[in-house]
$ cat run12.cif   # mmCIF, C-alpha atoms
data_target
loop_
_atom_site.group_PDB
_atom_site.id
_atom_site.type_symbol
_atom_site.label_atom_id
_atom_site.label_comp_id
_atom_site.auth_asym_id
_atom_site.auth_seq_id
_atom_site.Cartn_x
_atom_site.Cartn_y
_atom_site.Cartn_z
ATOM 1 C CA MET A 1 -13.088 -24.993 11.320
ATOM 2 C CA GLU A 2 -10.582 -22.464 10.009
ATOM 3 C CA GLN A 3 -8.770 -23.100 6.762
ATOM 4 C CA PRO A 4 -4.972 -22.776 6.866
ATOM 5 C CA ALA A 5 -3.636 -19.599 5.263
ATOM 6 C CA ARG A 6 -2.783 -20.138 1.615
ATOM 7 C CA ASN A 7 0.348 -18.761 0.091
ATOM 8 C CA VAL A 8 -0.709 -15.851 -2.074
ATOM 9 C CA PHE A 9 1.484 -14.610 -4.892
ATOM 10 C CA ASP A 10 2.505 -11.008 -4.273
ATOM 11 C CA PRO A 11 3.841 -9.510 -7.526
ATOM 12 C CA GLN A 12 5.234 -6.422 -5.769
ATOM 13 C CA ALA A 13 7.289 -8.581 -3.377
ATOM 14 C CA PHE A 14 8.385 -10.850 -6.230
ATOM 15 C CA LEU A 15 9.480 -7.965 -8.439
ATOM 16 C CA ALA A 16 11.316 -6.298 -5.552
ATOM 17 C CA LYS A 17 13.465 -9.440 -5.157
ATOM 18 C CA VAL A 18 14.115 -10.178 -8.806
ATOM 19 C CA GLY A 19 17.565 -9.037 -9.835
ATOM 20 C CA GLU A 20 19.144 -9.787 -13.177
ATOM 21 C CA GLY A 21 16.812 -9.595 -16.149
ATOM 22 C CA LYS A 22 14.430 -7.093 -14.551
ATOM 23 C CA SER A 23 14.020 -3.517 -15.641
ATOM 24 C CA VAL A 24 11.547 -0.759 -14.937
ATOM 25 C CA SER A 25 10.280 1.225 -17.914
ATOM 26 C CA THR A 26 8.209 4.380 -17.944
ATOM 27 C CA PHE A 27 5.803 5.093 -20.789
ATOM 28 C CA ARG A 28 3.905 8.251 -21.654
ATOM 29 C CA LYS A 29 0.328 8.258 -22.863
ATOM 30 C CA ASN A 30 0.016 6.632 -26.314
ATOM 31 C CA ASP A 31 3.539 5.151 -26.210
ATOM 32 C CA THR A 32 3.640 1.673 -27.750
ATOM 33 C CA VAL A 33 4.937 -1.012 -25.391
ATOM 34 C CA PHE A 34 5.151 -3.649 -28.150
ATOM 35 C CA SER A 35 3.639 -4.180 -31.602
ATOM 36 C CA GLN A 36 1.821 -7.080 -33.209
ATOM 37 C CA GLY A 37 4.318 -9.245 -35.103
ATOM 38 C CA GLU A 38 7.383 -8.279 -33.041
ATOM 39 C CA ALA A 39 9.491 -10.930 -31.322
ATOM 40 C CA ALA A 40 7.949 -11.992 -28.005
ATOM 41 C CA ALA A 41 10.737 -11.945 -25.445
ATOM 42 C CA ALA A 42 9.487 -10.274 -22.247
ATOM 43 C CA VAL A 43 6.637 -10.217 -19.753
ATOM 44 C CA PHE A 44 5.327 -6.891 -18.441
ATOM 45 C CA TYR A 45 3.659 -5.872 -15.170
ATOM 46 C CA ILE A 46 1.623 -2.681 -14.862
ATOM 47 C CA GLN A 47 2.468 -0.569 -11.833
ATOM 48 C CA LYS A 48 0.708 2.649 -12.918
ATOM 49 C CA GLY A 49 -1.668 3.618 -15.693
ATOM 50 C CA ARG A 50 -3.597 1.458 -18.112
ATOM 51 C CA VAL A 51 -2.595 -0.499 -21.200
ATOM 52 C CA LYS A 52 -4.783 -0.922 -24.275
ATOM 53 C CA VAL A 53 -4.440 -4.229 -26.176
ATOM 54 C CA VAL A 54 -5.319 -4.067 -29.882
ATOM 55 C CA VAL A 55 -5.274 -6.681 -32.659
ATOM 56 C CA VAL A 56 -5.418 -6.046 -36.386
ATOM 57 C CA SER A 57 -6.945 -8.707 -38.647
ATOM 58 C CA GLU A 58 -5.538 -9.779 -42.016
ATOM 59 C CA GLN A 59 -8.255 -7.588 -43.576
ATOM 60 C CA GLY A 60 -6.910 -4.568 -41.675
ATOM 61 C CA LYS A 61 -9.738 -4.306 -39.145
ATOM 62 C CA GLU A 62 -8.625 -3.171 -35.706
ATOM 63 C CA ALA A 63 -10.229 -4.332 -32.470
ATOM 64 C CA ILE A 64 -9.559 -3.412 -28.852
ATOM 65 C CA VAL A 65 -9.488 -6.730 -27.019
ATOM 66 C CA ALA A 66 -8.574 -5.554 -23.510
ATOM 67 C CA ILE A 67 -7.878 -2.614 -21.264
ATOM 68 C CA LEU A 68 -5.435 -3.695 -18.563
ATOM 69 C CA GLU A 69 -5.140 -2.128 -15.117
ATOM 70 C CA PRO A 70 -2.359 -1.741 -12.540
ATOM 71 C CA GLY A 71 -1.499 -5.082 -10.976
ATOM 72 C CA GLN A 72 -1.910 -7.063 -14.199
ATOM 73 C CA PHE A 73 0.717 -8.898 -16.230
ATOM 74 C CA PHE A 74 0.738 -8.960 -20.034
ATOM 75 C CA GLY A 75 2.938 -10.321 -22.809
ATOM 76 C CA GLU A 76 3.139 -13.675 -21.045
ATOM 77 C CA GLY A 77 2.684 -15.636 -24.295
ATOM 78 C CA CYS A 78 6.468 -15.753 -24.588
ATOM 79 C CA LEU A 79 6.515 -18.058 -21.547
ATOM 80 C CA ASN A 80 4.720 -20.836 -23.443
ATOM 81 C CA GLY A 81 6.694 -20.632 -26.677
ATOM 82 C CA GLN A 82 4.890 -17.839 -28.512
ATOM 83 C CA GLN A 83 7.507 -16.471 -30.904
ATOM 84 C CA LEU A 84 5.719 -13.305 -32.062
ATOM 85 C CA ARG A 85 3.401 -10.805 -30.395
ATOM 86 C CA LEU A 86 -0.239 -11.378 -31.307
ATOM 87 C CA SER A 87 -1.295 -7.840 -30.401
ATOM 88 C CA THR A 88 -0.136 -4.256 -30.051
ATOM 89 C CA THR A 89 -0.110 -2.734 -26.580
ATOM 90 C CA THR A 90 -0.199 0.981 -25.870
ATOM 91 C CA HIS A 91 0.140 2.876 -22.609
ATOM 92 C CA TRP A 92 -3.339 4.267 -22.735
ATOM 93 C CA MET A 93 -4.025 6.184 -19.571
ATOM 94 C CA ILE A 94 -1.848 7.545 -16.838
ATOM 95 C CA ALA A 95 -3.121 6.873 -13.326
#

$ encode --input "run12.cif" --output "structure tokens"
Amino acid sequence: MEQPARNVFDPQAFLAKVGEGKSVSTFRKNDTVFSQGEAAAAVFYIQKGRVKVVVVSEQGKEAIVAILEPGQFFGEGCLNGQQLRLSTTTHWMIA
């Protein structure tokens, strides 16, 4: 028996329809998107390239915690009340 088609979220279609409050930004390699400790006020979606996510501990040790690919969202902590960024994100590689 066939399962009914499920509604699948299509970020490209969603972003094409969103009006006010949406902007498209272009970053060059090694440009910082946001820094750890900054106010968290936006969600980002990767259309091209890769984004490196780095955290720095209180002792000053740096760790790469993720490499994000096109089609991924990041910075979504602001949606659940996160006031400050917990990481630094850098446009790491151009696709």

$ residues_around --input "run12.cif" --residues "Val51 (chain A)" --least-positions-apart "3" --cutoff "10 Å" --atoms "all atoms listed in the file" --output "list in words"
Lys29, Asn30, Asp31, Thr32, Val33, Ile46, Lys48, Val54, Ala66, Ile67, Leu68, Glu69, Pro70, Gln72, Phe74, Thr88, Thr89, Thr90, His91, Trp92, Met93 and Ile94 of chain A

$ atom_distance --input "run12.cif" --atom1 "CA of Phe9 (chain A)" --atom2 "CA of Lys22 (chain A)"
17.8 Å

$ residues_around --input "run12.cif" --residues "Leu79 (chain A)" --least-positions-apart "6" --cutoff "10 Å" --atoms "all atoms listed in the file" --output "list in words"
Ala40, Ala41, Ala42 and Val43 of chain A

$ closest_residue --input "run12.cif" --among "A:Ser35, A:Asn7, A:Gln47, A:Ser23" --to "Gly71 (chain A)" --atoms "only C-alpha atoms"
A:Gln47

$ closest_residue --input "run12.cif" --among "A:Lys61, A:Tyr45, A:Cys78, A:Val56" --to "Pro11 (chain A)" --atoms "only C-alpha atoms"
A:Tyr45

$ closest_residue --input "run12.cif" --among "A:Phe44, A:Lys52, A:Arg6, A:Glu38" --to "Gln82 (chain A)" --atoms "all atoms listed in the file"
A:Glu38

$ atom_distance --input "run12.cif" --atom1 "CA of Gln12 (chain A)" --atom2 "CA of Val55 (chain A)"
28.9 Å

$ atom_distance --input "run12.cif" --atom1 "CA of Glu76 (chain A)" --atom2 "CA of Ser57 (chain A)"
20.9 Å

$ decode --input "run12.cif" --residues "region 47-63 of chain A" --atoms "N, CA and C atoms" --output "JSON list (two decimals), in the first residue's frame"
[["chain", "number", "residue", "atom", "x", "y", "z"],
["A", 47, "GLN", "N", 23.60, 29.16, 0.50],
["A", 47, "GLN", "CA", 23.27, 28.85, -0.89],
["A", 47, "GLN", "C", 24.49, 28.34, -1.64],
["A", 48, "LYS", "N", 25.66, 28.93, -1.37],
["A", 48, "LYS", "CA", 26.91, 28.53, -2.04],
["A", 48, "LYS", "C", 28.03, 28.56, -1.02],
["A", 49, "GLY", "N", 29.01, 27.71, -1.23],
["A", 49, "GLY", "CA", 30.19, 27.69, -0.37],
["A", 49, "GLY", "C", 29.99, 26.88, 0.88],
["A", 50, "ARG", "N", 30.95, 27.00, 1.78],
["A", 50, "ARG", "CA", 30.90, 26.30, 3.06],
["A", 50, "ARG", "C", 31.16, 27.30, 4.17],
["A", 51, "VAL", "N", 30.66, 26.96, 5.36],
["A", 51, "VAL", "CA", 30.84, 27.82, 6.53],
["A", 51, "VAL", "C", 31.48, 26.99, 7.63],
["A", 52, "LYS", "N", 32.54, 27.54, 8.21],
["A", 52, "LYS", "CA", 33.24, 26.90, 9.32],
["A", 52, "LYS", "C", 32.70, 27.48, 10.62],
["A", 53, "VAL", "N", 32.37, 26.61, 11.59],
["A", 53, "VAL", "CA", 31.86, 27.04, 12.89],
["A", 53, "VAL", "C", 32.92, 26.73, 13.94],
["A", 54, "VAL", "N", 33.35, 27.78, 14.65],
["A", 54, "VAL", "CA", 34.45, 27.67, 15.61],
["A", 54, "VAL", "C", 34.00, 28.21, 16.96],
["A", 55, "VAL", "N", 34.39, 27.53, 18.04],
["A", 55, "VAL", "CA", 34.17, 28.05, 19.40],
["A", 55, "VAL", "C", 35.52, 28.22, 20.07],
["A", 56, "VAL", "N", 35.58, 29.22, 20.96],
["A", 56, "VAL", "CA", 36.78, 29.46, 21.74],
["A", 56, "VAL", "C", 36.41, 29.31, 23.21],
["A", 57, "SER", "N", 37.16, 28.48, 23.94],
["A", 57, "SER", "CA", 36.87, 28.24, 25.35],
["A", 57, "SER", "C", 37.35, 29.42, 26.20],
["A", 58, "GLU", "N", 36.96, 29.42, 27.46],
["A", 58, "GLU", "CA", 37.41, 30.46, 28.40],
["A", 58, "GLU", "C", 38.92, 30.45, 28.55],
["A", 59, "GLN", "N", 39.56, 29.31, 28.30],
["A", 59, "GLN", "CA", 41.01, 29.19, 28.39],
["A", 59, "GLN", "C", 41.69, 29.63, 27.09],
["A", 60, "GLY", "N", 40.90, 30.00, 26.08],
["A", 60, "GLY", "CA", 41.46, 30.48, 24.82],
["A", 60, "GLY", "C", 41.70, 29.40, 23.79],
["A", 61, "LYS", "N", 41.27, 28.17, 24.07],
["A", 61, "LYS", "CA", 41.46, 27.09, 23.09],
["A", 61, "LYS", "C", 40.34, 27.15, 22.05],
["A", 62, "GLU", "N", 40.74, 27.03, 20.79],
["A", 62, "GLU", "CA", 39.82, 27.11, 19.68],
["A", 62, "GLU", "C", 39.53, 25.72, 19.13],
["A", 63, "ALA", "N", 38.27, 25.47, 18.80],
["A", 63, "ALA", "CA", 37.89, 24.18, 18.24],
["A", 63, "ALA", "C", 36.90, 24.39, 17.09]]
